[in-house]
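Okay, data-v5.txt now, which holds compact mmCIF, C-alpha atoms and all ligand atoms:
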```txt
# COMPACT_ATOMS: atom_id res chain seq x y z
CA MET A 148 19.66 -119.42 37.89
CA ARG A 149 19.01 -117.92 41.35
CA LYS A 150 15.62 -116.41 42.03
CA LYS A 151 15.21 -112.63 42.50
CA ILE A 152 13.49 -110.91 45.41
CA SER A 153 13.04 -107.13 45.34
CA LEU A 154 12.37 -105.37 48.62
CA ILE A 155 10.48 -102.09 48.11
CA GLY A 156 11.43 -100.19 51.24
CA ALA A 157 14.89 -100.66 52.79
CA GLY A 158 14.03 -99.50 56.29
CA GLN A 159 13.89 -101.49 59.51
CA ILE A 160 11.86 -104.38 58.10
CA GLY A 161 13.36 -104.16 54.59
CA GLY A 162 16.93 -104.42 55.90
CA THR A 163 16.02 -107.34 58.15
CA LEU A 164 14.25 -109.11 55.26
CA ALA A 165 17.41 -108.72 53.15
CA HIS A 166 19.58 -110.14 55.92
CA LEU A 167 17.32 -113.17 56.50
CA ILE A 168 16.91 -113.90 52.77
CA ALA A 169 20.69 -113.74 52.29
CA ILE A 170 21.49 -116.01 55.24
CA LYS A 171 18.87 -118.53 54.00
CA GLU A 172 20.29 -118.17 50.42
CA LEU A 173 16.69 -117.88 49.24
CA ALA A 174 17.37 -115.54 46.29
CA ASP A 175 19.41 -112.60 45.01
CA VAL A 176 18.17 -109.40 46.68
CA VAL A 177 17.49 -105.95 45.28
CA LEU A 178 16.87 -103.39 48.01
CA PHE A 179 14.83 -100.47 46.64
CA ASP A 180 14.20 -97.22 48.51
CA ILE A 181 13.60 -93.56 47.68
CA SER A 182 16.61 -93.02 49.91
CA ALA A 183 18.99 -94.77 47.51
CA GLY A 184 21.86 -94.44 49.97
CA ILE A 185 20.03 -96.49 52.60
CA ALA A 186 19.28 -99.21 50.02
CA LYS A 187 22.84 -99.29 48.71
CA GLY A 188 24.47 -99.06 52.13
CA LYS A 189 22.44 -101.88 53.64
CA ALA A 190 22.93 -104.09 50.56
CA LEU A 191 26.70 -103.60 50.73
CA ASP A 192 26.86 -104.11 54.50
CA ILE A 193 24.88 -107.39 54.35
CA ALA A 194 26.91 -108.55 51.32
CA GLN A 195 30.06 -108.02 53.37
CA SER A 196 28.76 -110.44 56.01
CA SER A 197 28.87 -113.26 53.38
CA GLY A 198 32.55 -113.84 54.22
CA VAL A 199 31.40 -114.92 57.69
CA GLU A 200 27.95 -116.39 56.98
CA GLY A 201 29.11 -118.15 53.79
CA PHE A 202 26.09 -117.30 51.61
CA ASP A 203 26.36 -116.94 47.82
CA VAL A 204 23.67 -114.44 46.83
CA ASP A 205 23.99 -111.01 45.22
CA LEU A 206 22.67 -107.97 47.05
CA THR A 207 22.26 -104.58 45.38
CA GLY A 208 20.61 -101.30 46.33
CA THR A 209 18.76 -98.86 44.10
CA ASP A 210 16.08 -96.17 43.77
CA SER A 211 15.16 -97.26 40.22
CA TYR A 212 12.34 -99.70 39.49
CA GLU A 213 14.28 -100.72 36.37
CA ASP A 214 16.72 -102.58 38.66
CA THR A 215 13.84 -104.52 40.23
CA LYS A 216 12.42 -105.76 36.92
CA ASN A 217 11.36 -109.41 36.44
CA SER A 218 11.45 -110.12 40.18
CA ASP A 219 10.08 -113.52 41.27
CA VAL A 220 8.97 -112.05 44.60
CA ILE A 221 8.41 -108.47 45.72
CA ILE A 222 8.07 -107.63 49.41
CA ILE A 223 6.75 -104.15 50.15
CA THR A 224 7.48 -102.22 53.34
CA ALA A 225 7.61 -98.75 51.78
CA GLY A 226 5.74 -96.32 54.01
CA VAL A 227 5.86 -94.75 57.41
CA PRO A 228 5.55 -96.71 60.64
CA ARG A 229 3.48 -95.69 63.66
CA LYS A 230 4.67 -93.36 66.41
CA PRO A 231 3.67 -94.07 70.04
CA GLY A 232 -0.06 -93.47 70.53
CA MET A 233 -0.87 -93.76 66.80
CA SER A 234 -3.25 -96.40 65.47
CA ARG A 235 -2.38 -98.41 62.36
CA ASP A 236 -5.32 -96.60 60.67
CA ASP A 237 -3.64 -93.20 61.25
CA LEU A 238 -1.09 -94.17 58.59
CA LEU A 239 -3.72 -94.50 55.83
CA GLY A 240 -3.37 -91.12 54.10
CA THR A 241 0.42 -91.13 53.84
CA ASN A 242 0.88 -94.81 53.02
CA LEU A 243 -1.94 -94.92 50.46
CA LYS A 244 -0.08 -92.33 48.34
CA ILE A 245 3.15 -94.30 48.66
CA ILE A 246 1.53 -97.61 47.76
CA LYS A 247 -0.01 -96.08 44.62
CA GLU A 248 3.48 -95.13 43.45
CA VAL A 249 4.75 -98.62 44.30
CA GLY A 250 1.80 -100.34 42.60
CA LEU A 251 2.36 -98.42 39.36
CA GLY A 252 6.11 -99.07 39.60
CA ILE A 253 5.87 -102.85 39.91
CA LYS A 254 3.01 -103.14 37.39
CA LYS A 255 5.41 -102.18 34.63
CA THR A 256 8.52 -104.01 35.77
CA SER A 257 7.41 -107.26 37.47
CA PRO A 258 3.92 -108.25 36.23
CA ASN A 259 4.54 -111.94 37.08
CA ALA A 260 5.87 -111.47 40.62
CA PHE A 261 4.36 -112.85 43.82
CA VAL A 262 3.81 -109.68 45.86
CA ILE A 263 3.82 -109.67 49.65
CA CYS A 264 2.63 -106.42 51.19
CA ILE A 265 3.63 -105.51 54.76
CA THR A 266 2.92 -101.76 54.90
CA ASN A 267 0.19 -100.65 57.33
CA PRO A 268 -2.78 -100.31 57.64
CA LEU A 269 -2.19 -103.72 56.11
CA ASP A 270 -5.60 -105.03 54.97
CA VAL A 271 -6.56 -101.82 53.14
CA ILE A 272 -3.08 -101.11 51.81
CA VAL A 273 -2.78 -104.59 50.27
CA MET A 274 -6.23 -104.14 48.71
CA ALA A 275 -5.22 -100.78 47.24
CA LEU A 276 -1.92 -102.26 46.05
CA GLN A 277 -3.71 -105.00 44.12
CA LYS A 278 -5.95 -102.42 42.46
CA TYR A 279 -3.12 -100.03 41.61
CA SER A 280 -0.83 -102.79 40.31
CA ASN A 281 -3.65 -104.72 38.67
CA LEU A 282 -1.74 -107.94 39.38
CA PRO A 283 -3.92 -111.07 39.80
CA THR A 284 -5.50 -111.29 43.28
CA ASN A 285 -3.87 -114.69 43.91
CA LYS A 286 -0.44 -113.08 43.42
CA VAL A 287 -0.95 -110.16 45.83
CA VAL A 288 -1.14 -111.00 49.54
CA GLY A 289 -0.66 -109.24 52.87
CA MET A 290 1.58 -110.26 55.76
CA ALA A 291 0.02 -109.92 59.21
CA GLY A 292 -1.63 -113.12 60.44
CA ILE A 293 1.68 -115.01 60.67
CA LEU A 294 3.09 -112.25 62.89
CA ASP A 295 -0.04 -112.03 65.06
CA THR A 296 -0.17 -115.83 65.34
CA SER A 297 3.52 -115.93 66.31
CA ARG A 298 2.90 -113.38 69.05
CA PHE A 299 -0.10 -115.40 70.32
CA LYS A 300 1.99 -118.61 70.30
CA TYR A 301 4.85 -116.90 72.13
CA PHE A 302 2.65 -115.57 74.96
CA LEU A 303 0.97 -118.99 75.38
CA ALA A 304 4.33 -120.80 75.37
CA LYS A 305 5.67 -118.50 78.11
CA GLU A 306 2.48 -118.80 80.20
CA LEU A 307 2.47 -122.61 80.00
CA ASN A 308 6.25 -123.02 80.07
CA ILE A 309 6.24 -125.26 76.98
CA SER A 310 8.21 -125.24 73.70
CA ILE A 311 6.63 -122.88 71.18
CA LYS A 312 7.02 -125.70 68.64
CA GLU A 313 4.30 -127.59 70.52
CA ILE A 314 1.73 -124.85 69.96
CA ASP A 315 -0.57 -124.86 66.95
CA THR A 316 -3.02 -121.98 66.59
CA LEU A 317 -3.96 -119.06 64.38
CA VAL A 318 -5.20 -115.48 64.37
CA LEU A 319 -7.97 -114.64 61.89
CA GLY A 320 -9.34 -111.38 60.52
CA GLY A 321 -7.90 -107.94 59.94
CA HIS A 322 -4.55 -106.78 61.31
CA GLY A 323 -6.12 -104.40 63.76
CA ASP A 324 -7.72 -104.15 67.21
CA PHE A 325 -10.44 -106.55 66.06
CA MET A 326 -8.10 -109.36 64.96
CA VAL A 327 -9.36 -112.76 66.12
CA PRO A 328 -6.94 -114.96 68.06
CA MET A 329 -8.57 -118.43 68.10
CA PRO A 330 -8.28 -120.15 71.53
CA ASN A 331 -10.85 -122.77 70.45
CA ARG A 332 -8.55 -123.76 67.60
CA THR A 333 -5.42 -123.97 69.72
CA THR A 334 -3.64 -127.23 70.60
CA ILE A 335 -0.66 -127.52 72.92
CA GLY A 336 1.32 -130.73 72.56
CA LYS A 337 -1.59 -132.09 70.48
CA LYS A 338 -4.04 -131.43 73.38
CA PRO A 339 -6.77 -128.76 73.06
CA LEU A 340 -6.21 -125.56 75.04
CA LYS A 341 -9.59 -126.23 76.71
CA GLU A 342 -8.00 -129.13 78.63
CA PHE A 343 -5.35 -126.80 80.07
CA ILE A 344 -8.12 -124.44 81.21
CA SER A 345 -10.16 -127.23 82.86
CA GLN A 346 -6.98 -128.50 84.54
CA LYS A 347 -6.42 -124.93 85.77
CA LYS A 348 -3.00 -124.79 84.07
CA ILE A 349 -4.11 -121.46 82.62
CA SER A 350 -6.95 -119.28 83.94
CA THR A 351 -9.55 -117.78 81.59
CA GLU A 352 -8.44 -114.37 82.88
CA ASN A 353 -4.82 -115.00 81.88
CA LEU A 354 -5.99 -116.31 78.49
CA GLU A 355 -8.04 -113.13 77.94
CA ASN A 356 -4.98 -111.05 78.86
CA ILE A 357 -2.91 -113.00 76.32
CA VAL A 358 -5.54 -112.43 73.60
CA ASP A 359 -5.55 -108.71 74.43
CA ARG A 360 -1.74 -108.54 74.50
CA THR A 361 -1.65 -110.21 71.06
CA ARG A 362 -4.06 -107.60 69.66
CA LYS A 363 -1.88 -104.83 71.09
CA GLY A 364 1.42 -106.56 70.32
CA GLY A 365 2.53 -103.88 67.87
CA ALA A 366 1.70 -100.96 70.16
CA GLU A 367 3.58 -102.57 73.07
CA ILE A 368 6.80 -102.66 71.02
CA ILE A 369 6.28 -99.14 69.62
CA LYS A 370 5.99 -97.80 73.19
CA LEU A 371 9.24 -99.52 74.20
CA LEU A 372 11.18 -98.49 71.08
CA GLU A 373 9.80 -94.90 71.14
CA LYS A 374 10.96 -94.56 67.51
CA GLY A 375 9.81 -97.06 64.87
CA SER A 376 7.84 -100.27 65.21
CA ALA A 377 8.42 -104.02 65.30
CA PHE A 378 10.65 -105.34 62.55
CA TYR A 379 12.36 -108.65 63.43
CA ALA A 380 9.18 -110.74 63.78
CA PRO A 381 7.47 -109.01 60.83
CA ALA A 382 10.52 -109.75 58.64
CA SER A 383 10.62 -113.42 59.69
CA SER A 384 6.91 -113.67 58.87
CA GLY A 385 7.36 -112.16 55.40
CA VAL A 386 10.25 -114.52 54.62
CA GLU A 387 8.11 -117.56 55.54
CA MET A 388 5.59 -116.52 52.88
CA ALA A 389 8.27 -115.89 50.23
CA GLU A 390 9.89 -119.25 50.98
CA SER A 391 6.58 -121.15 50.70
CA TYR A 392 6.10 -119.60 47.25
CA LEU A 393 9.65 -120.03 45.93
CA LYS A 394 10.00 -123.61 47.19
CA ASN A 395 6.38 -124.56 46.41
CA GLN A 396 6.00 -125.69 50.03
CA LYS A 397 2.17 -125.32 49.99
CA LYS A 398 2.18 -124.25 53.65
CA VAL A 399 -1.16 -123.23 55.23
CA LEU A 400 -0.44 -119.71 56.48
CA PRO A 401 -2.72 -116.99 57.94
CA CYS A 402 -2.42 -114.09 55.45
CA ALA A 403 -4.46 -111.15 54.20
CA ALA A 404 -5.92 -112.67 51.04
CA PHE A 405 -8.56 -111.69 48.50
CA LEU A 406 -11.96 -113.19 49.46
CA ASN A 407 -14.52 -113.76 46.73
CA GLY A 408 -17.35 -115.26 48.77
CA GLU A 409 -15.30 -117.36 51.19
CA TYR A 410 -16.25 -116.79 54.85
CA GLY A 411 -19.27 -114.93 53.44
CA VAL A 412 -17.01 -112.07 52.33
CA LYS A 413 -16.78 -110.75 48.77
CA ASN A 414 -14.24 -108.43 47.09
CA LEU A 415 -12.25 -107.73 50.24
CA TYR A 416 -8.86 -108.68 51.66
CA ALA A 417 -8.81 -110.15 55.17
CA GLY A 418 -6.69 -112.48 57.26
CA VAL A 419 -7.58 -116.11 56.65
CA PRO A 420 -5.59 -119.37 56.33
CA VAL A 421 -4.38 -119.87 52.76
CA VAL A 422 -2.20 -122.38 50.91
CA ILE A 423 0.89 -120.64 49.45
CA GLY A 424 2.68 -122.54 46.67
CA GLU A 425 4.29 -121.85 43.29
CA LYS A 426 1.05 -120.35 41.92
CA GLY A 427 0.80 -117.89 44.81
CA VAL A 428 -2.35 -118.12 46.95
CA GLU A 429 -3.48 -121.52 45.72
CA LYS A 430 -6.42 -122.09 48.05
CA ILE A 431 -8.43 -120.27 50.72
CA VAL A 432 -8.87 -122.69 53.66
CA GLU A 433 -12.44 -122.28 54.93
CA LEU A 434 -12.81 -123.07 58.64
CA LYS A 435 -16.21 -123.75 60.22
CA LEU A 436 -16.34 -120.84 62.69
CA ASP A 437 -18.39 -121.18 65.89
CA ASN A 438 -20.82 -118.36 66.70
CA GLU A 439 -18.37 -116.41 68.84
CA GLU A 440 -15.58 -116.74 66.25
CA LYS A 441 -18.03 -115.63 63.53
CA LYS A 442 -19.10 -112.60 65.58
CA TYR A 443 -15.52 -111.45 66.08
CA PHE A 444 -14.52 -112.24 62.48
CA ASN A 445 -17.45 -110.22 61.09
CA LYS A 446 -16.58 -107.31 63.41
CA SER A 447 -13.04 -107.42 62.04
CA ILE A 448 -14.36 -107.42 58.46
CA GLU A 449 -16.56 -104.42 59.29
CA ALA A 450 -13.50 -102.51 60.49
CA VAL A 451 -11.59 -103.32 57.27
CA ASN A 452 -14.58 -102.28 55.17
CA GLU A 453 -14.90 -98.99 57.04
CA LEU A 454 -11.25 -98.17 56.51
CA PHE A 455 -11.47 -99.14 52.83
CA ASN A 456 -14.36 -96.68 52.45
CA ALA A 457 -12.09 -94.01 53.95
CA ALA A 458 -9.42 -95.00 51.40
CA LYS A 459 -11.96 -94.67 48.56
CA ASN A 460 -12.82 -91.16 49.81
CA ILE A 461 -9.13 -90.28 49.67
CA ASP A 462 -8.67 -91.82 46.21
CA PRO A 463 -11.93 -92.33 44.25
CA SER A 464 -10.02 -94.37 41.65
CA LEU A 465 -10.17 -97.21 44.21
CA LYS A 466 -13.96 -97.43 43.82
O1 LIG A 501 2.32 -106.95 60.46
C1 LIG A 501 2.47 -105.96 59.74
N1 LIG A 501 2.02 -105.96 58.48
C2 LIG A 501 3.15 -104.72 60.32
C3 LIG A 501 3.56 -103.74 59.24
C4 LIG A 501 4.23 -105.03 61.25
C5 LIG A 501 5.15 -104.05 61.56
C6 LIG A 501 5.31 -102.80 60.76
N2 LIG A 501 4.30 -102.61 59.77
C7 LIG A 501 4.46 -101.52 58.78
O2 LIG A 501 5.51 -101.78 57.84
C8 LIG A 501 4.80 -100.17 59.35
O3 LIG A 501 3.66 -99.60 59.98
C9 LIG A 501 5.21 -99.44 58.09
O4 LIG A 501 4.05 -99.02 57.39
C10 LIG A 501 5.91 -100.53 57.27
C11 LIG A 501 7.41 -100.43 57.29
O5 LIG A 501 7.87 -100.42 58.59
P1 LIG A 501 9.44 -100.11 58.86
O6 LIG A 501 9.65 -100.23 60.33
O7 LIG A 501 10.28 -100.91 57.92
O8 LIG A 501 9.51 -98.56 58.45
P2 LIG A 501 10.83 -97.72 58.08
O9 LIG A 501 12.01 -98.25 58.82
O10 LIG A 501 10.42 -96.28 58.21
O11 LIG A 501 11.05 -98.07 56.52
C12 LIG A 501 10.18 -97.62 55.55
C13 LIG A 501 11.04 -97.29 54.34
C14 LIG A 501 11.97 -96.08 54.57
O12 LIG A 501 13.32 -96.50 54.38
C15 LIG A 501 11.52 -95.05 53.54
O13 LIG A 501 12.58 -94.32 52.97
C16 LIG A 501 10.88 -95.96 52.50
O14 LIG A 501 10.18 -96.93 53.26
N3 LIG A 501 9.93 -95.27 51.62
C17 LIG A 501 9.79 -95.59 50.32
N4 LIG A 501 10.38 -96.56 49.60
C18 LIG A 501 9.99 -96.61 48.29
N5 LIG A 501 9.07 -95.80 47.72
C19 LIG A 501 8.47 -94.82 48.46
N6 LIG A 501 7.56 -93.99 47.88
C20 LIG A 501 8.83 -94.69 49.83
N7 LIG A 501 8.43 -93.85 50.82
C21 LIG A 501 9.11 -94.24 51.92
```

Translate this file's structure into structure tokens.
Ligand code: TXD
Amino acid sequence: MRKKISLIGAGQIGGTLAHLIAIKELADVVLFDISAGIAKGKALDIAQSSGVEGFDVDLTGTDSYEDTKNSDVIIITAGVPRKPGMSRDDLLGTNLKIIKEVGLGIKKTSPNAFVICITNPLDVIVMALQKYSNLPTNKVVGMAGILDTSRFKYFLAKELNISIKEIDTLVLGGHGDFMVPMPNRTTIGKKPLKEFISQKKISTENLENIVDRTRKGGAEIIKLLEKGSAFYAPASSGVEMAESYLKNQKKVLPCAAFLNGEYGVKNLYAGVPVVIGEKGVEKIVELKLDNEEKKYFNKSIEAVNELFNAAKNIDPSLK
């Protein structure tokens, strides 16, 4: 029996998720959107590529939660993306209302699903989603750190002219301007990044520019596209999380996860490395942060907390 993934939101990221999941034959796909035509049209179009790609999965489109029931995985992109000049936080009001509707929808139809939230502002939206859906905190997780880490890896690989496969690193904290790329936890071809700096293969100034470009990675693409925001890399990142769950791969992945004391943070979602396996978020991986990393991480947590307070002012039921 094939697994079932429902994609709530069939827009730029939702359509790309469906395409990637189909080509990887990960699961049958239900594309859900309030614009039923978009969901149905994209499902049919991708299904018609199976004659070329050779995948055997079913794809359907709908605007009814009934059709998404008993999903193994739900990936949520429902919401509006940023326009040039907007911050991720500017989306809070609109997307909070949408995520309440989604949370109530999936609560009834897929109480046992592993839910991956992508909608921005990510850390607060995933927190609100968990409260609205009342699904267990280890089964509701946000996608951001994998994307931010992939951007950081890409910029480093280009700067050092080395295969991206040789770069191991991560980005910690909230998916915002205070996210924490971790140069001190970066190895390139098994050698610490520090060695490349001391050998002058990369200047500290260029490294700082790469950290800054990673933080602003989303805004850079929004400016170029003029309409919409990044969707290929976000979709690839969401699929990696779904795959680790469905295949019980137990990968260590940077995700927005519920912290209950880890990293000194309680009752808040933030980007940390977690083990994703068949039980969902199976473990929070606690790193020993140095003072600088701790300073930046705590600043990032403050920003998430502030935005969550704004969300609670909008909807007191989140208190
Ligand atoms: O790293 C990350 N987490 C971010 C997330 C990376 C990139 C983009 N990020 C955010 O994902 C972005 O800021 C948006 O909040 C979401 C979705 O971005 P996308 O580019 O896919 O937006 P689209 O193309 O506008 O698609 C959104 C779809 C669209 O088809 C709407 O009709 C639908 O959402 N929508 C709904 N579906 C279901 N239910 C409701 N209520 C609803 N409202 C809108």

Which centre and which edge lengths, in Å to one decimal, describe the axis-aligned box that holds all listed atoms of ligand LIG 501 (chain A) after 4 Å is added on each side, as AutoDock Vina command-line options?
```
--center_x 7.7 --center_y -100.4 --center_z 54.6 --size_x 19.3 --size_y 21.1 --size_z 21.8
```

Can you tell me which residues come within 8 Å of ligand LIG 501 (chain A) when counting all atoms listed in the file, ideally as a PyMOL selection string? chain A and resi 155-162+179-182+185-186+210+224-229+235+238+242+244-246+248-249+264-269+289-292+294-295+322+365+375-378+380-381

May I ask which of the residues A:Gly427, A:Pro463, A:Gly321, A:Pro420 is the closest one to Leu282 of chain A, counting only C-alpha atoms?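 Checking each of A:Gly427, A:Pro463, A:Gly321, A:Pro420 against Leu282 of chain A, counting only C-alpha atoms, the winner is A:Gly427.
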
Between atom CA of Glu453 of chain A and atom CA of Ile222 of chain A, what is the spacing in Å?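 Taking atom CA of Ile222 of chain A as the start and atom CA of Glu453 of chain A as the end point, the length is 25.7 Å.
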
Quote the spacing between atom CA of Ile168 of chain A and atom CA of Asp219 of chain A in Å to one decimal place.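 According to the coordinates, atom CA of Ile168 of chain A and atom CA of Asp219 of chain A are separated by 13.4 Å.
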
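Residue nearest Tyr212 of chain A, chosen from A:Ile253, A:Val421, A:Met148, A:Val262 and counting only C-alpha atoms: A:Ile253.
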
May I have the residues within 12 Å of Thr284 of chain A as a PyMOL selection string, using only C-alpha atoms and disregarding those fewer than 5 positions away in the same chain? chain A and resi 259-263+273-279+289+403-407+414-416+426-430

Nearest to Lys187 of chain A, chosen from A:Val327, A:Asn353, A:Ala165, A:Ala458, with only C-alpha atoms counted in the distances: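 Closest candidate: A:Ala165.
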
In Å, rounded to a single decimal, give me how far atom CA of Pro401 of chain A is from atom CA of Ser297 of chain A. 10.5 Å

Minimum-distance residue to Glu440 of chain A, chosen among A:Ser310, A:Thr163, A:Thr256, A:Asn331 (using all atoms listed in the file):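 Going through A:Ser310, A:Thr163, A:Thr256, A:Asn331 one by one, the smallest distance to Glu440 of chain A is for A:Asn331.
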
Would you please work out which residue, of A:Leu400, A:Ile193, A:Ile357, A:Val199, is nearest to Val422 of chain A when using all atoms listed in the file? A:Leu400

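Among the candidate residues A:Ser197, A:Asn281, A:Ser350, A:Ser234, the one lying nearest to Leu307 of chain A is A:Ser350, with distances computed using only C-alpha atoms.
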
As a VMD selection string, please: the residues near segment 385-395 of chain A (cut-off 6 Å, all atoms listed in the file, same-chain neighbours under 5 positions excluded). chain A and resid 423 to 425

Writing out the chosen residues with C-alpha atoms as a PDB file, in the frame of the given file:
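Now in selection_3.pdb:
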```
ATOM      1  CA  ILE A 423       0.890-120.640  49.450  1.00  0.00           C
ATOM      2  CA  GLY A 424       2.680-122.540  46.670  1.00  0.00           C
ATOM      3  CA  GLU A 425       4.290-121.850  43.290  1.00  0.00           C
TER       4      GLU A 425
END
```

Identify, on the basis of all atoms listed in the file, every residue whose closest approach to Ile335 of chain A does not exceed 7 Å; exclude the query and any residue fewer than 6 positions from it along the same chain; express the result as a PyMOL selection string. chain A and resi 313-315
